[in-house]
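Enquirer: Below is the file entry-v8.cif, with mmCIF, C-alpha atoms.
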```cif
data_model
loop_
_atom_site.label_atom_id
_atom_site.label_comp_id
_atom_site.auth_asym_id
_atom_site.auth_seq_id
_atom_site.Cartn_x
_atom_site.Cartn_y
_atom_site.Cartn_z
CA MET A 168 0.00 0.00 0.00
CA LEU A 169 2.77 2.43 0.91
CA ILE A 170 4.80 1.62 -2.21
CA ALA A 171 1.69 2.17 -4.33
CA ALA A 172 1.39 5.60 -2.69
CA ASP A 173 4.90 6.45 -3.99
CA LEU A 174 6.79 6.39 -0.70
CA GLY A 175 9.43 4.15 -2.23
CA PRO A 176 10.63 0.76 -0.94
CA ALA A 177 13.04 2.09 1.71
CA MET A 178 10.59 4.49 3.34
CA ALA A 179 7.74 1.98 3.03
CA ALA A 180 9.82 -0.63 4.87
CA ARG A 181 10.83 1.90 7.52
CA LEU A 182 7.24 2.94 8.25
CA THR A 183 5.94 -0.63 8.13
CA ALA A 184 8.50 -1.69 10.72
CA GLY A 185 7.48 1.22 12.89
CA VAL A 186 3.81 0.29 12.70
CA ARG A 187 4.55 -3.36 13.52
CA SER A 188 6.58 -2.33 16.57
CA ARG A 189 3.44 -0.72 17.98
CA ALA A 190 1.50 -4.00 17.62
CA PRO A 191 -1.83 -2.53 16.47
CA ARG A 192 -4.82 -4.85 16.95
CA THR A 193 -7.37 -3.15 14.70
CA ARG A 194 -7.40 -1.29 11.41
CA GLU A 195 -8.03 1.96 13.29
CA GLU A 196 -5.06 1.37 15.57
CA ALA A 197 -2.90 0.57 12.54
CA ALA A 198 -3.95 3.83 10.88
CA GLU A 199 -3.10 5.84 14.00
CA ALA A 200 0.22 4.00 14.33
CA LEU A 201 1.05 4.90 10.74
CA VAL A 202 0.24 8.57 11.41
CA ALA A 203 2.51 8.55 14.47
CA VAL A 204 5.40 6.80 12.72
CA ALA A 205 5.17 8.96 9.59
CA SER A 206 4.91 12.15 11.65
CA ALA A 207 8.11 11.21 13.44
CA VAL A 208 10.11 11.17 10.19
CA MET A 209 8.50 14.23 8.57
CA SER A 210 9.80 17.78 8.92
CA LYS A 211 9.28 19.64 12.19
CA GLN A 212 9.71 23.03 10.50
CA PRO A 213 6.72 25.45 10.57
CA ARG A 214 4.11 24.74 7.91
CA GLU A 215 2.61 28.23 7.95
CA LEU A 216 3.70 30.65 5.25
CA ASN A 217 6.10 33.34 6.44
CA LEU A 218 4.31 36.56 5.49
CA ALA A 219 6.12 38.90 7.85
CA GLY A 220 8.07 40.84 5.21
CA ASN A 221 7.33 44.31 3.86
CA PRO A 222 6.27 43.09 1.41
CA ALA A 223 6.29 39.37 1.98
CA CYS A 224 7.60 37.45 -1.03
CA ILE A 225 6.78 33.95 -2.26
CA LEU A 226 8.80 32.44 -5.10
CA LEU A 227 7.22 29.44 -6.85
CA TYR A 228 9.45 27.25 -8.98
CA GLY A 229 9.67 23.71 -10.34
CA VAL A 230 9.65 21.72 -13.56
CA ASN A 231 7.46 22.47 -16.55
CA GLY A 232 3.85 21.49 -16.01
CA ALA A 233 4.15 20.97 -12.25
CA GLY A 234 1.32 23.40 -11.51
CA LYS A 235 3.17 26.61 -10.58
CA THR A 236 0.87 29.03 -12.35
CA THR A 237 -2.36 27.53 -11.05
CA THR A 238 -0.85 27.36 -7.56
CA ALA A 239 0.08 31.06 -7.79
CA GLY A 240 -3.46 32.01 -8.83
CA LYS A 241 -5.10 29.93 -6.12
CA LEU A 242 -2.68 31.25 -3.50
CA ALA A 243 -3.41 34.85 -4.52
CA HIS A 244 -7.13 34.17 -4.20
CA ARG A 245 -6.63 32.58 -0.77
CA LEU A 246 -4.51 35.46 0.52
CA ARG A 247 -6.91 38.07 -0.80
CA ALA A 248 -9.80 36.29 0.95
CA ALA A 249 -7.75 36.45 4.17
CA GLY A 250 -7.45 40.23 3.89
CA ARG A 251 -4.00 40.45 2.31
CA LYS A 252 -3.13 42.54 -0.74
CA PRO A 253 -1.16 40.31 -3.10
CA LEU A 254 0.59 41.15 -6.35
CA ILE A 255 1.22 38.38 -8.86
CA VAL A 256 4.48 38.70 -10.78
CA ALA A 257 4.60 36.77 -14.05
CA ALA A 258 8.33 36.03 -14.22
CA ASP A 259 7.99 33.12 -16.67
CA THR A 260 9.48 35.27 -19.39
CA TYR A 261 10.49 32.38 -21.65
CA ARG A 262 6.90 31.51 -22.57
CA ALA A 263 4.46 34.13 -23.80
CA ALA A 264 1.71 31.62 -23.13
CA GLY A 265 2.93 31.33 -19.55
CA ILE A 266 2.53 35.06 -18.99
CA GLU A 267 -0.93 35.02 -20.58
CA GLN A 268 -2.00 32.13 -18.38
CA MET A 269 -0.76 33.93 -15.27
CA VAL A 270 -2.65 37.09 -16.25
CA LEU A 271 -5.85 35.06 -16.58
CA TRP A 272 -5.37 33.58 -13.12
CA ALA A 273 -4.65 37.01 -11.63
CA GLU A 274 -7.85 38.39 -13.13
CA ARG A 275 -9.76 35.37 -11.90
CA ALA A 276 -8.39 35.90 -8.39
CA GLY A 277 -9.15 39.61 -8.55
CA VAL A 278 -5.59 40.72 -7.80
CA PRO A 279 -3.16 43.02 -9.65
CA HIS A 280 -0.33 41.61 -11.70
CA LEU A 281 3.04 42.66 -13.09
CA ASP A 282 4.06 41.00 -16.34
CA GLY A 283 7.60 40.48 -17.49
CA SER A 284 8.22 41.08 -21.17
CA SER A 285 9.10 38.09 -23.31
CA GLY A 286 12.79 37.23 -22.97
CA ALA A 287 13.39 39.56 -20.01
CA ASP A 288 15.62 38.55 -17.12
CA PRO A 289 13.30 36.80 -14.61
CA ALA A 290 15.34 38.08 -11.65
CA SER A 291 14.88 41.70 -12.74
CA VAL A 292 11.13 41.10 -13.12
CA VAL A 293 10.95 39.82 -9.54
CA PHE A 294 13.02 42.80 -8.34
CA ASP A 295 10.63 45.18 -10.10
CA GLY A 296 7.70 43.30 -8.58
CA VAL A 297 8.95 43.90 -5.04
CA GLN A 298 9.51 47.60 -5.76
CA THR A 299 6.07 47.90 -7.36
CA ALA A 300 4.39 46.27 -4.39
CA ARG A 301 6.03 48.74 -2.01
CA LYS A 302 4.97 51.73 -4.10
CA ARG A 303 1.37 50.53 -4.40
CA GLY A 304 0.96 49.46 -0.77
CA LEU A 305 0.64 45.76 -1.60
CA ASP A 306 1.86 43.36 1.06
CA VAL A 307 2.57 40.03 -0.66
CA VAL A 308 4.48 39.36 -3.89
CA ILE A 309 3.78 35.99 -5.52
CA ALA A 310 6.31 35.28 -8.26
CA ASP A 311 5.58 32.61 -10.86
CA THR A 312 8.94 31.61 -12.35
CA ALA A 313 9.84 29.74 -15.52
CA GLY A 314 9.60 25.98 -15.52
CA ARG A 315 12.94 24.19 -15.76
CA LEU A 316 14.25 20.66 -15.51
CA GLN A 317 16.59 19.82 -12.65
CA THR A 318 19.12 18.66 -15.27
CA GLN A 319 19.32 22.07 -17.02
CA ARG A 320 22.32 23.46 -15.18
CA ASN A 321 22.18 26.94 -16.72
CA LEU A 322 18.54 27.38 -15.73
CA ILE A 323 19.14 25.98 -12.26
CA GLU A 324 21.99 28.47 -11.79
CA GLU A 325 19.68 31.22 -13.01
CA LEU A 326 17.25 30.21 -10.27
CA GLY A 327 19.99 30.78 -7.72
CA LYS A 328 20.47 34.28 -9.13
CA LEU A 329 16.75 34.91 -8.84
CA GLY A 330 16.91 34.04 -5.15
CA ARG A 331 19.85 36.38 -4.56
CA VAL A 332 18.10 39.24 -6.35
CA ALA A 333 14.92 38.66 -4.36
CA SER A 334 16.92 38.81 -1.14
CA LYS A 335 18.52 42.08 -2.27
CA ALA A 336 15.15 43.60 -3.16
CA LEU A 337 13.84 42.63 0.27
CA ASN A 338 16.91 44.11 2.00
CA GLY A 339 17.92 40.69 3.27
CA ALA A 340 14.54 39.88 4.82
CA PRO A 341 13.47 36.21 4.65
CA TYR A 342 11.14 35.08 1.89
CA GLU A 343 9.32 31.89 0.95
CA SER A 344 10.87 29.72 -1.75
CA LEU A 345 8.37 26.98 -2.54
CA LEU A 346 9.11 24.08 -4.86
CA VAL A 347 5.89 23.08 -6.60
CA LEU A 348 5.68 19.32 -7.10
CA ASP A 349 3.25 17.42 -9.29
CA ALA A 350 1.74 14.74 -7.02
CA VAL A 351 1.43 12.43 -10.03
CA LEU A 352 5.18 12.19 -10.64
CA GLY A 353 5.96 9.97 -7.66
CA LEU A 354 9.57 9.22 -6.74
CA THR A 355 10.92 11.47 -9.52
CA SER A 356 10.02 14.33 -7.19
CA ILE A 357 12.80 13.35 -4.79
CA VAL A 358 15.46 13.93 -7.46
CA GLN A 359 13.85 17.26 -8.35
CA ALA A 360 13.83 18.39 -4.74
CA ARG A 361 17.51 17.54 -4.20
CA GLU A 362 18.68 19.50 -7.24
CA PHE A 363 16.43 22.53 -6.79
CA ASN A 364 17.42 22.76 -3.13
CA LYS A 365 21.06 23.12 -4.16
CA ALA A 366 20.22 26.17 -6.31
CA ILE A 367 17.91 27.95 -3.90
CA PRO A 368 17.29 26.54 -0.42
CA MET A 369 13.64 25.60 -0.13
CA THR A 370 11.54 26.92 2.73
CA GLY A 371 8.69 24.62 1.77
CA LEU A 372 6.88 22.53 -0.80
CA ALA A 373 3.56 22.96 -2.55
CA LEU A 374 1.97 19.71 -3.68
CA ALA A 375 -0.15 20.22 -6.79
CA LYS A 376 -2.71 17.93 -8.42
CA LEU A 377 -3.30 15.92 -5.25
CA ASP A 378 -6.45 13.85 -5.68
CA SER A 379 -7.63 10.28 -5.31
CA SER A 380 -5.53 9.07 -8.24
CA ALA A 381 -2.30 10.80 -7.13
CA LYS A 382 -1.14 9.81 -3.66
CA GLY A 383 1.94 12.05 -3.49
CA GLY A 384 3.60 9.89 -0.86
CA ALA A 385 7.08 10.82 -2.09
CA VAL A 386 6.86 14.02 -0.06
CA ILE A 387 7.27 11.96 3.12
CA ALA A 388 10.68 10.80 1.91
CA ILE A 389 11.55 14.34 0.78
CA GLU A 390 10.64 15.80 4.16
CA ALA A 391 12.63 13.10 5.95
CA GLU A 392 15.73 13.70 3.79
CA LEU A 393 15.74 17.49 3.39
CA ASP A 394 13.75 18.62 6.47
CA VAL A 395 11.54 20.80 4.26
CA PRO A 396 7.80 20.87 5.06
CA VAL A 397 4.91 20.69 2.63
CA LYS A 398 2.99 23.91 3.23
CA LEU A 399 0.24 23.85 0.60
CA ALA A 400 -1.75 21.22 -1.26
CA GLY A 401 -3.77 21.65 -4.44
CA VAL A 402 -6.74 19.30 -4.20
CA GLY A 403 -8.74 20.19 -7.32
CA GLU A 404 -9.03 22.52 -10.29
CA GLY A 405 -11.19 25.19 -8.67
CA ILE A 406 -9.78 28.48 -7.43
CA ASP A 407 -10.63 27.51 -3.85
CA ASP A 408 -8.87 24.15 -4.13
CA LEU A 409 -5.64 25.11 -2.37
CA VAL A 410 -5.44 24.23 1.31
CA PRO A 411 -2.85 24.18 4.10
CA PHE A 412 -1.13 20.81 4.24
CA ASP A 413 -2.25 18.59 7.12
CA PRO A 414 0.30 15.77 7.62
CA ALA A 415 -1.98 13.57 9.76
CA ALA A 416 -4.90 13.83 7.35
CA PHE A 417 -2.54 13.17 4.44
CA VAL A 418 -1.19 9.95 5.98
CA ARG A 419 -4.69 8.75 6.94
CA ALA A 420 -5.78 9.32 3.33
CA ILE A 421 -2.96 7.04 2.15
CA PHE A 422 -4.11 4.34 4.54
CA ASP A 423 -7.74 4.69 3.47
#
```
Would you write out, as structure tokens, the structure that this file holds?
Expert:
Amino acid sequence: MLIAADLGPAMAARLTAGVRSRAPRTREEAAEALVAVASAVMSKQPRELNLAGNPACILLYGVNGAGKTTTAGKLAHRLRAAGRKPLIVAADTYRAAGIEQMVLWAERAGVPHLDGSSGADPASVVFDGVQTARKRGLDVVIADTAGRLQTQRNLIEELGKLGRVASKALNGAPYESLLVLDAVLGLTSIVQAREFNKAIPMTGLALAKLDSSAKGGAVIAIEAELDVPVKLAGVGEGIDDLVPFDPAAFVRAIFD
């Protein structure tokens, strides 16, 4: 069951041994034992978004098609509903279609947006986004960056530059750097997380496309290895279908 949920053989064996050591007598006890054992190996870092900056900044990155743009739109909608004033920055300057898609999501969420011109330096677009937010009294910058494979060294290095520029624009204040993972991809996500974390240290993960057909269990192994928490989960295609990640509920859903 755990292997089918994409935890991988090593982590599945580790959790199974932990459950057996607790000698559960019923299915319910086994489920609770699994929650306890999995929670023990998952990250203990805060799962709430750090929005303390002026403005706060959230960088979303990952491979092509992972769900970055939809996650950015849903997150903007969620923050706006919570009383924040977000600005979406379309820094995917390599794809005109990517910018157009981000604009549509910004309009759907009812939030302003700043669009990078095609071929522009993504780092400069993010820098401009932070400055624009300050001038307009907006308190959260959500930057949708270009999709890139973890094997494309030049693009991975560019991501590192983007992080450094964001830090400079924020005068050294902390910001959120969230790797968006496609829940369907399974154990491939672990390789992605390792490589992206080398370029720009992750503060968290956003798990996209999490539904009944995509278990997303690889994030347990990622949290155990890198000590990076999943902070958000996309659970559907609607604009409201982005929720805070609940580790216990997630593990129970795997068992069920």
Enquirer: Looking at only C-alpha atoms, which of A:Pro213, A:Pro289, A:Pro341, A:Gly234 is the one that sits closest to Ala373 in chain A?
Expert: A:Gly234
Enquirer: Rank A:Glu392, A:Glu195, A:Asp378, A:Asp282 by their smallest atom-to-atom distance to Ile255 in chain A, using only C-alpha atoms, and report the top residue only.
Expert: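 The shortest atom-to-atom distance to Ile255 in chain A comes from A:Asp282.
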Enquirer: Name the closest residue to Gly339 in chain A among the candidates A:Ser188, A:Ser206, A:Ser356, A:Asn221; distances are taken between atoms, counting all atoms listed in the file.
Expert: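 Of A:Ser188, A:Ser206, A:Ser356, A:Asn221, the one nearest Gly339 in chain A, counting all atoms listed in the file, is A:Asn221.
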Enquirer: List as a compact mmCIF listing (two decimals) with C-alpha atoms, keeping the file's coordinate frame the protein and nucleic acid residues near range 322-330 of chain A, meaning an atom at most 12 Å away when all atoms listed in the file are counted, but skip any in the same chain fewer than 2 places from it.
Expert:
```txt
# COMPACT_ATOMS: atom_id res chain seq x y z
CA CYS A 224 7.60 37.45 -1.03
CA ILE A 225 6.78 33.95 -2.26
CA LEU A 226 8.80 32.44 -5.10
CA LEU A 227 7.22 29.44 -6.85
CA TYR A 228 9.45 27.25 -8.98
CA GLY A 229 9.67 23.71 -10.34
CA VAL A 230 9.65 21.72 -13.56
CA ALA A 258 8.33 36.03 -14.22
CA ASP A 259 7.99 33.12 -16.67
CA TYR A 261 10.49 32.38 -21.65
CA ASP A 288 15.62 38.55 -17.12
CA PRO A 289 13.30 36.80 -14.61
CA ALA A 290 15.34 38.08 -11.65
CA SER A 291 14.88 41.70 -12.74
CA VAL A 292 11.13 41.10 -13.12
CA VAL A 293 10.95 39.82 -9.54
CA PHE A 294 13.02 42.80 -8.34
CA ALA A 310 6.31 35.28 -8.26
CA ASP A 311 5.58 32.61 -10.86
CA THR A 312 8.94 31.61 -12.35
CA ALA A 313 9.84 29.74 -15.52
CA GLY A 314 9.60 25.98 -15.52
CA ARG A 315 12.94 24.19 -15.76
CA LEU A 316 14.25 20.66 -15.51
CA GLN A 317 16.59 19.82 -12.65
CA THR A 318 19.12 18.66 -15.27
CA GLN A 319 19.32 22.07 -17.02
CA ARG A 320 22.32 23.46 -15.18
CA VAL A 332 18.10 39.24 -6.35
CA ALA A 333 14.92 38.66 -4.36
CA SER A 334 16.92 38.81 -1.14
CA LYS A 335 18.52 42.08 -2.27
CA ALA A 336 15.15 43.60 -3.16
CA LEU A 337 13.84 42.63 0.27
CA GLY A 339 17.92 40.69 3.27
CA ALA A 340 14.54 39.88 4.82
CA PRO A 341 13.47 36.21 4.65
CA TYR A 342 11.14 35.08 1.89
CA GLU A 343 9.32 31.89 0.95
CA SER A 344 10.87 29.72 -1.75
CA LEU A 345 8.37 26.98 -2.54
CA LEU A 346 9.11 24.08 -4.86
CA GLN A 359 13.85 17.26 -8.35
CA ALA A 360 13.83 18.39 -4.74
CA ARG A 361 17.51 17.54 -4.20
CA GLU A 362 18.68 19.50 -7.24
CA PHE A 363 16.43 22.53 -6.79
CA ASN A 364 17.42 22.76 -3.13
CA LYS A 365 21.06 23.12 -4.16
CA ALA A 366 20.22 26.17 -6.31
CA ILE A 367 17.91 27.95 -3.90
CA PRO A 368 17.29 26.54 -0.42
CA MET A 369 13.64 25.60 -0.13
CA THR A 370 11.54 26.92 2.73
```
Enquirer: For the file shown, report as a list in words the outcome of the PyMOL selection byres ((chain A and resi 384) around 10) at residue level.
Expert: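 Applying the PyMOL selection byres ((chain A and resi 384) around 10) to the structure shown produces Leu169, Ile170, Ala171, Ala172, Asp173, Leu174, Gly175, Met178, Ala179, Ala350, Val351, Gly353, Leu354, Ala381, Lys382, Gly383, Ala385, Val386, Ile387, Ala388, Ile389, Phe417, Val418 and Ile421 of chain A.
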Enquirer: For CA of Pro253 in chain A and CA of Glu404 in chain A, determine how far apart the two atoms are, in Å to one decimal place.
Expert: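 Straight-line distance from CA of Pro253 in chain A to CA of Glu404 in chain A works out to 20.7 Å.
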Enquirer: For the atom pair CA of Pro176 in chain A and CA of Val358 in chain A, what is the interatomic distance in Å to one decimal place?
Expert: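 Between CA of Pro176 in chain A and CA of Val358 in chain A the gap is 15.5 Å.
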Enquirer: What does the distance from CA of Ala375 in chain A to CA of Val402 in chain A come to in Å, to one decimal?
Expert: 7.1 Å
Enquirer: Excluding Val410 in chain A and residues on its chain fewer than 5 positions from it, collect all residues at most 7 Å away from it, counting only C-alpha atoms, and give them as a PDB file with C-alpha atoms, in the coordinates of the input.
Expert:
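File produced: result.pdb:
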```pdb
ATOM      1  CA  LEU A 399       0.240  23.850   0.600  1.00  0.00           C
ATOM      2  CA  ALA A 400      -1.750  21.220  -1.260  1.00  0.00           C
ATOM      3  CA  GLY A 401      -3.770  21.650  -4.440  1.00  0.00           C
TER       4      GLY A 401
END
```
Enquirer: At most 6 Å from (10.4, 23.0, 2.7), file frame, only C-alpha atoms: which residues, as a ChimeraX atom specification?
Expert: /A:369-372,395-397
Enquirer: I need the residue nearest Val204 in chain A from this list: A:Ala420, A:Ala180, A:Asp349, A:Met269. Use all atoms listed in the file for the distance.
Expert: A:Ala180
Enquirer: Please expand the PyMOL selection byres ((chain A and resi 296) around 8) into the concrete residues it hits in this file, giving the result as a short mmCIF file (atom, residue, chain, number, x, y, z; two decimals) with C-alpha atoms, in the frame of the given file.
Expert:
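Result written to selection.cif:
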```
data_model
loop_
_atom_site.label_atom_id
_atom_site.label_comp_id
_atom_site.auth_asym_id
_atom_site.auth_seq_id
_atom_site.Cartn_x
_atom_site.Cartn_y
_atom_site.Cartn_z
CA LEU A 254 0.59 41.15 -6.35
CA VAL A 256 4.48 38.70 -10.78
CA LEU A 281 3.04 42.66 -13.09
CA VAL A 292 11.13 41.10 -13.12
CA VAL A 293 10.95 39.82 -9.54
CA PHE A 294 13.02 42.80 -8.34
CA ASP A 295 10.63 45.18 -10.10
CA VAL A 297 8.95 43.90 -5.04
CA GLN A 298 9.51 47.60 -5.76
CA THR A 299 6.07 47.90 -7.36
CA ALA A 300 4.39 46.27 -4.39
CA VAL A 308 4.48 39.36 -3.89
#
```
Enquirer: Measuring atom to atom with all atoms listed in the file, identify which of A:His280, A:Arg331, A:Lys302, A:Arg192 is nearest to Gln268 in chain A.
Expert: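 Result for the nearest residue to Gln268 in chain A: A:His280.
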Enquirer: Out of A:Leu409, A:Glu215, A:Pro222, A:Leu182, which residue has the shortest atom-to-atom distance to Met168 in chain A when counting all atoms listed in the file?
Expert: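 The closest residue to Met168 in chain A is A:Leu182.
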Enquirer: So which residues touch Ala249 in chain A within 12 Å, counting only C-alpha atoms, skipping near sequence neighbours fewer than 6 positions away, as JSON, numbers by chain?
Expert: {"A": [242, 243, 307]}
Enquirer: If the PyMOL selection byres ((chain A and resi 252) around 8) is run on the structure shown, which residues does it catch, given as a ChimeraX atom specification?
Expert: /A:246-247,250-251,253-254,278,305-307
Enquirer: Set the distance at 8 Å and use all atoms listed in the file: which residues neighbour Ile406 in chain A once local chain neighbours fewer than 2 positions away are removed? I'd like the list as a list in words.
Expert: Gly240, Lys241, His244, Ala276, Glu404, Asp408 and Leu409 of chain A
